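Participant: Before we start, here is the structure in question, set down as structure tokens.
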Amino acid sequence: MDNIRFILIVIFAMISYMLWQAWQIDYGPKPAIAISDQPEVATKGDLPATVDASDLSQAQGRNDTNAPMASVSTTGQIITVKTDVLALEINTQGGTLQNLDLVNYPLEKYNTVVQGIRETFGLSPSEKDTTPIRLFNTDKEKLFLAQSGLIAENSTLSDANHHSVFNAEKNNYELIDGQDTIEVPLTWTDGKGLVVTKTLVFKRGSYEISLLQNVKNNGTTSWSGRQYSQLLRTPYSDASANTFIRTYAGGVVYTEEDKYQKVNFDDMAKENLAIKTIGGWSAMIQHYFAAAWVPPKDEENNFYTKDLKDFRYVIGSYSPIKTVEPNGQVEFAAQLFAGPKIQPLLEKVATGLELTVDYGWLTVVAKPIYWLLNQIYGFTANWGFAIIGVTLTIKLLFFKLSQASFISMAKMRKIQPRLKELQERFADDRQRFNKEMMDLYKREKVNPLGGCLPILVQIPVFISLYWVLVETVELRQAPFAMWLQDLSAQDPFYILPILMGITMKIQQSLNPAPIDPLQAKIIKMFPLVFTVFFLFFPSGLVMYWVVNNTLSIIQQWYITKGIEEAK
């Protein structure tokens, strides 16, 4: 039993170390981005290379290494748009969406209890950046843009891409009381009869932005072309993120054939993506937030990535060719989502978009846990109580397994003095000691694996719950009670981590101590090590461990007491 437990501890430590190394490689800090100060060059190097299906294999892996940087234009007019949830700019050069702020999601939050204590002791208030989260950004080091346009079938035809300058009716739009929709029309013409009207539609309370592109042909020759929509971004890093928690930031493509596929920036640098499918969507995601272009679900769409110079990457899609005869018109459409990764909202936008809340390979287990968390929150209106409710529910589901584990541990604890006696008697004969120990297990009907196997079965559920609490944006800056005013931030007074260490120590006292003195010393250090480790974890996660440990202590104490008192 002791050897098995020690092996499990060593394996756990090794897995933790390997996971940490993998996180550092995949999601850890990247080298500083070298930003070019060169002026923007008028080119189509950052446009999708539209090809027919027969040429998709040739397009795959082809990089436009000489494509210039897709820098932020300074020639277009800036239009400001403000709704109840978004504040952003639209550049009339291409109708590009930029500098998009999520007005209900500040970067940081004041803790009134902490501020009150600081004032009591005459300390100055702590500085907090309460400006909104900026998703799209024109800052060169944080560049993130949503671009769209049209590409003519051949170079002899005119098109209105994201380099073309549109005309706007006005430069300021704001959603007022009693108004549910804002429409921002932009127009472009080639002077030869082709007129493109690009309309961006914003709705109250929505993070969806509708894109409509009407192509009217007043000329004498037909026009054929495609619509494209893409996201351009530099590699994302969050300086304020928790050092101990790494989440995926990069590209994602969803297709009916291959479902959810991550396409990180290294993948984009190695080769260009080229996928043809019905429906689907492409996105750039980060912790808590995402931006996704969703083309019409009944159309055949071509998804692509491009690696531009100076660490700029593009992911997007383009539509099938549409032809407009003289005196005719045609319309292209797409949806853009730019906002928090709230799963019920994402499910309404597109199939599979809720998978941007990334639970990894344990999604099948994590999604029901999130559903339960959401249902309990519907009753309590407090995410802290929702976490406690989920912890209690999971504990009840695994009650029998935990009971079997605790019974086995209690039996081991009961025969511990006799094992110690055998160890001392056969100190010089290890083989005889092992034989006598196994005979003792048989006589007392103790299974040395009985305490470990039930715990192993529960591990996937506990890992899934961990990722649910890490990935759920609803917990970001969500208050619980008293000094815990942000469940996604560490406990400002470290009370929960200390309680976690105390409960871990109590649990340890209820378990049978290892016979090996070295193992016993190592295990005794665990509460202290984990307390230090949990000092920097989000308080919502630590709350889960405190509640889980407390429930386990009550159950284990009751079982142990009953077995020790039994005749």
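Chain identifiers are assigned as A, B, and so on, following the order in which chains appear in the structure tokens; residues are numbered from 1 within each chain, and ligands are numbered from 1 in order of appearance.
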Give me, as a list in words, all polymer residues having an atom no more than 10 Å from Gly193 of chain A, counting only C-alpha atoms and skipping those fewer than 5 positions away in the same chain.
Facilitator: Lys216, Asn217, Asn218, Gly219, Thr220, Thr221, Pro326 and Asn327 of chain A
Participant: Need the shell around Thr189 of chain A: protein/DNA/RNA residues with any atom at most 9 Å away, counting only C-alpha atoms. Skip same-chain ones fewer than 3 positions apart. Format as a VMD selection string?
Facilitator: chain A and resid 159 to 160 166 192 to 197
Participant: Can you write out the residues you just picked, keeping N, CA, C and O atoms, as a JSON list (two decimals), in the first residue's frame?
Facilitator:
[["chain", "number", "residue", "atom", "x", "y", "z"],
["A", 159, "ASP", "N", -12.84, 45.43, -57.74],
["A", 159, "ASP", "CA", -13.40, 44.86, -56.53],
["A", 159, "ASP", "C", -13.21, 45.82, -55.37],
["A", 159, "ASP", "O", -12.40, 46.75, -55.44],
["A", 160, "ALA", "N", -13.98, 45.61, -54.33],
["A", 160, "ALA", "CA", -13.92, 46.46, -53.14],
["A", 160, "ALA", "C", -13.40, 45.62, -51.98],
["A", 160, "ALA", "O", -14.18, 44.97, -51.28],
["A", 166, "PHE", "N", -14.14, 53.52, -48.76],
["A", 166, "PHE", "CA", -15.58, 53.66, -48.90],
["A", 166, "PHE", "C", -16.01, 55.07, -48.47],
["A", 166, "PHE", "O", -15.29, 55.78, -47.78],
["A", 192, "LYS", "N", -17.40, 52.92, -63.01],
["A", 192, "LYS", "CA", -17.80, 52.31, -64.28],
["A", 192, "LYS", "C", -19.14, 51.60, -64.15],
["A", 192, "LYS", "O", -19.49, 50.76, -64.99],
["A", 193, "GLY", "N", -19.85, 51.92, -63.11],
["A", 193, "GLY", "CA", -21.18, 51.34, -62.95],
["A", 193, "GLY", "C", -21.29, 50.30, -61.85],
["A", 193, "GLY", "O", -22.40, 49.90, -61.49],
["A", 194, "LEU", "N", -20.16, 49.84, -61.29],
["A", 194, "LEU", "CA", -20.21, 48.86, -60.20],
["A", 194, "LEU", "C", -20.29, 49.59, -58.86],
["A", 194, "LEU", "O", -19.42, 50.39, -58.53],
["A", 195, "VAL", "N", -21.35, 49.32, -58.11],
["A", 195, "VAL", "CA", -21.57, 49.98, -56.83],
["A", 195, "VAL", "C", -21.68, 48.92, -55.73],
["A", 195, "VAL", "O", -22.49, 48.00, -55.84],
["A", 196, "VAL", "N", -20.86, 49.05, -54.70],
["A", 196, "VAL", "CA", -20.88, 48.12, -53.57],
["A", 196, "VAL", "C", -21.33, 48.88, -52.33],
["A", 196, "VAL", "O", -20.76, 49.92, -51.99],
["A", 197, "THR", "N", -22.38, 48.37, -51.68],
["A", 197, "THR", "CA", -22.84, 48.94, -50.41],
["A", 197, "THR", "C", -22.59, 47.92, -49.31],
["A", 197, "THR", "O", -23.19, 46.84, -49.29]]
Participant: Using only C-alpha atoms, which residues sit within 6 Å of segment 223-229 of chain A once same-chain residues fewer than 4 positions away are excluded, as a PyMOL selection string?
Facilitator: chain A and resi 147-153+316-324
Participant: Please report, as number ranges by chain, each residue of segment 314-541 of chain A to which DSSP assigns helix (DSSP H, G or I) when run on this structure's backbone.
Facilitator: A: 343-349, 353-356, 360-380, 383-397, 399-414, 416-425, 430-444, 453-471, 473-475, 495-510, 517-534, 539-541
Participant: Next, the residues of the selection above should be written as a compact mmCIF listing (two decimals), in the first residue's frame with C-alpha atoms.
Facilitator:
# COMPACT_ATOMS: atom_id res chain seq x y z
CA GLN A 343 -21.66 29.32 -23.99
CA PRO A 344 -25.44 29.88 -24.27
CA LEU A 345 -24.74 32.94 -26.46
CA LEU A 346 -22.20 31.13 -28.62
CA GLU A 347 -24.54 28.20 -29.23
CA LYS A 348 -27.06 30.59 -30.82
CA VAL A 349 -24.48 32.13 -33.17
CA LEU A 353 -18.88 27.93 -31.50
CA GLU A 354 -19.33 27.12 -27.81
CA LEU A 355 -16.27 24.85 -28.17
CA THR A 356 -14.10 27.97 -28.10
CA GLY A 360 -9.59 19.98 -24.20
CA TRP A 361 -10.06 16.21 -24.37
CA LEU A 362 -12.36 16.23 -21.33
CA THR A 363 -15.07 18.33 -23.02
CA VAL A 364 -17.56 15.45 -22.85
CA VAL A 365 -17.26 15.50 -19.04
CA ALA A 366 -16.77 19.25 -18.59
CA LYS A 367 -19.87 20.39 -20.51
CA PRO A 368 -22.36 18.71 -18.14
CA ILE A 369 -20.45 20.22 -15.20
CA TYR A 370 -20.77 23.69 -16.76
CA TRP A 371 -24.48 23.06 -17.37
CA LEU A 372 -24.91 22.13 -13.70
CA LEU A 373 -22.93 25.19 -12.59
CA ASN A 374 -25.17 27.39 -14.74
CA GLN A 375 -28.36 25.78 -13.43
CA ILE A 376 -27.36 26.26 -9.79
CA TYR A 377 -26.42 29.88 -10.51
CA GLY A 378 -29.94 30.34 -11.89
CA PHE A 379 -31.27 29.60 -8.40
CA THR A 380 -28.60 31.25 -6.25
CA TRP A 383 -21.29 32.03 -8.69
CA GLY A 384 -19.59 31.26 -5.37
CA PHE A 385 -22.64 29.39 -4.12
CA ALA A 386 -22.88 27.74 -7.55
CA ILE A 387 -19.33 26.39 -7.11
CA ILE A 388 -20.23 25.08 -3.65
CA GLY A 389 -23.39 23.48 -5.09
CA VAL A 390 -21.46 21.75 -7.90
CA THR A 391 -18.85 20.50 -5.42
CA LEU A 392 -21.57 19.07 -3.16
CA THR A 393 -23.34 17.44 -6.14
CA ILE A 394 -20.16 15.79 -7.40
CA LYS A 395 -19.38 14.64 -3.88
CA LEU A 396 -22.82 13.01 -3.67
CA LEU A 397 -22.39 11.33 -7.07
CA PHE A 399 -20.27 9.10 -2.40
CA LYS A 400 -20.09 5.31 -2.73
CA LEU A 401 -16.67 5.39 -4.38
CA SER A 402 -15.34 7.76 -1.74
CA GLN A 403 -16.87 5.59 0.95
CA ALA A 404 -15.06 2.51 -0.40
CA SER A 405 -11.80 4.44 -0.46
CA PHE A 406 -12.23 5.78 3.07
CA ILE A 407 -13.23 2.35 4.43
CA SER A 408 -10.08 0.88 2.94
CA MET A 409 -7.98 3.68 4.44
CA ALA A 410 -9.67 3.26 7.82
CA LYS A 411 -8.89 -0.48 7.82
CA MET A 412 -5.31 0.27 6.87
CA ARG A 413 -5.13 2.77 9.70
CA LYS A 414 -6.48 0.17 12.14
CA GLN A 416 -1.03 0.21 11.09
CA PRO A 417 0.50 -0.68 14.52
CA ARG A 418 0.69 -4.36 13.54
CA LEU A 419 2.36 -3.47 10.23
CA LYS A 420 4.86 -1.37 12.14
CA GLU A 421 5.52 -4.30 14.45
CA LEU A 422 6.11 -6.62 11.47
CA GLN A 423 8.49 -4.11 9.93
CA GLU A 424 10.55 -3.96 13.11
CA ARG A 425 10.53 -7.75 13.57
CA ARG A 430 12.40 -7.83 3.35
CA GLN A 431 11.00 -10.91 1.61
CA ARG A 432 9.61 -12.33 4.87
CA PHE A 433 8.16 -8.97 5.79
CA ASN A 434 6.29 -8.72 2.46
CA LYS A 435 4.89 -12.25 2.94
CA GLU A 436 3.72 -11.55 6.49
CA MET A 437 2.23 -8.23 5.37
CA MET A 438 0.20 -9.88 2.58
CA ASP A 439 -0.99 -12.57 5.01
CA LEU A 440 -2.14 -9.83 7.38
CA TYR A 441 -4.06 -8.14 4.54
CA LYS A 442 -5.81 -11.46 3.78
CA ARG A 443 -6.71 -12.17 7.41
CA GLU A 444 -8.11 -8.67 7.96
CA LEU A 453 -8.60 2.95 -7.33
CA PRO A 454 -11.77 4.90 -6.35
CA ILE A 455 -9.67 8.10 -6.34
CA LEU A 456 -8.24 7.33 -9.80
CA VAL A 457 -11.77 6.92 -11.21
CA GLN A 458 -12.70 10.41 -9.96
CA ILE A 459 -9.62 12.19 -11.36
CA PRO A 460 -11.11 12.97 -14.83
CA VAL A 461 -14.11 14.62 -13.18
CA PHE A 462 -11.92 16.74 -10.90
CA ILE A 463 -9.72 17.81 -13.84
CA SER A 464 -12.84 18.69 -15.85
CA LEU A 465 -14.20 20.79 -13.00
CA TYR A 466 -10.83 22.56 -12.80
CA TRP A 467 -11.04 23.54 -16.49
CA VAL A 468 -14.68 24.61 -16.15
CA LEU A 469 -13.73 27.01 -13.36
CA VAL A 470 -10.70 28.27 -15.30
CA GLU A 471 -12.49 28.78 -18.64
CA VAL A 473 -15.98 33.85 -18.31
CA GLU A 474 -19.01 34.28 -16.06
CA LEU A 475 -16.69 33.76 -13.07
CA ILE A 495 -7.41 33.07 3.77
CA LEU A 496 -8.73 30.37 1.43
CA PRO A 497 -5.27 28.91 0.60
CA ILE A 498 -4.47 28.72 4.32
CA LEU A 499 -7.81 27.00 5.00
CA MET A 500 -7.05 24.62 2.15
CA GLY A 501 -3.71 23.75 3.78
CA ILE A 502 -5.38 23.20 7.16
CA THR A 503 -8.06 20.91 5.68
CA MET A 504 -5.38 18.99 3.81
CA LYS A 505 -3.45 18.50 7.04
CA ILE A 506 -6.59 17.26 8.83
CA GLN A 507 -7.29 14.85 5.97
CA GLN A 508 -3.72 13.63 6.22
CA SER A 509 -4.15 12.87 9.93
CA LEU A 510 -7.13 10.64 9.12
CA PRO A 517 10.00 7.21 7.49
CA LEU A 518 11.23 8.95 4.31
CA GLN A 519 7.82 8.67 2.65
CA ALA A 520 6.17 9.90 5.85
CA LYS A 521 8.36 13.02 5.89
CA ILE A 522 7.65 13.77 2.22
CA ILE A 523 3.89 13.41 2.67
CA LYS A 524 3.93 15.64 5.77
CA MET A 525 5.32 18.44 3.59
CA PHE A 526 2.39 18.28 1.16
CA PRO A 527 0.01 20.64 3.01
CA LEU A 528 2.66 23.34 3.20
CA VAL A 529 3.75 22.90 -0.44
CA PHE A 530 0.19 22.97 -1.74
CA THR A 531 -0.70 25.98 0.43
CA VAL A 532 2.15 27.98 -1.15
CA PHE A 533 1.14 26.74 -4.59
CA PHE A 534 -2.53 27.71 -4.08
CA SER A 539 -10.10 32.08 -5.35
CA GLY A 540 -12.93 30.19 -7.09
CA LEU A 541 -10.64 27.19 -7.62
Participant: Per DSSP on the backbone, what are the strand (DSSP E) residues of segment 205-239 of chain A, as a list of chain:residue names?
Facilitator: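 Answer for segment 205-239 of chain A, restricted to strand (DSSP E): A:Glu208, A:Ile209, A:Ser210, A:Leu211, A:Leu212, A:Gln213, A:Asn214, A:Val215, A:Lys216, A:Asn217, A:Trp223, A:Ser224, A:Gly225, A:Arg226, A:Gln227, A:Tyr228, A:Ser229, A:Gln230, A:Leu231, A:Leu232, A:Arg233.
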Participant: I want to know what sits within 9 Å of Gln230 of chain A, based on only C-alpha atoms, with residues of the same chain fewer than 4 positions away left out; could you give that as a ChimeraX atom specification?
Facilitator: /A:47-48,145-148,282-283,292-293,304-305,314-318
Participant: So the first atom is atom CA of Glu127 of chain A and the second is atom CA of Asn111 of chain A; what is the distance between them in Å, to one decimal place?
Facilitator: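 These two atoms are separated by 10.9 Å.
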Participant: Excluding Asn167 of chain A and its own-chain neighbours fewer than 4 positions away, which residues fall within 12 Å of it when counting only C-alpha atoms? Please give them as a PyMOL selection string.
Facilitator: chain A and resi 76-79+90-95+160+171+184-189+195-199
Participant: Write out as a list in words the residues lying within 6 Å of segment 484-491 of chain A, counting only C-alpha atoms and excluding same-chain residues fewer than 4 positions away.
Facilitator: Leu475, Arg476, Gln477, Ala478, Pro479, Phe480, Phe536, Phe537, Pro538, Ser539 and Gly540 of chain A
Participant: Can you work out which one of A:Asp307, A:Glu141, A:Glu331, A:Asp358 has the shortest atom-to-atom distance to Tyr248 of chain A, counting only C-alpha atoms?
Facilitator: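 Comparing A:Asp307, A:Glu141, A:Glu331, A:Asp358 against Tyr248 of chain A, the winner is A:Asp358.
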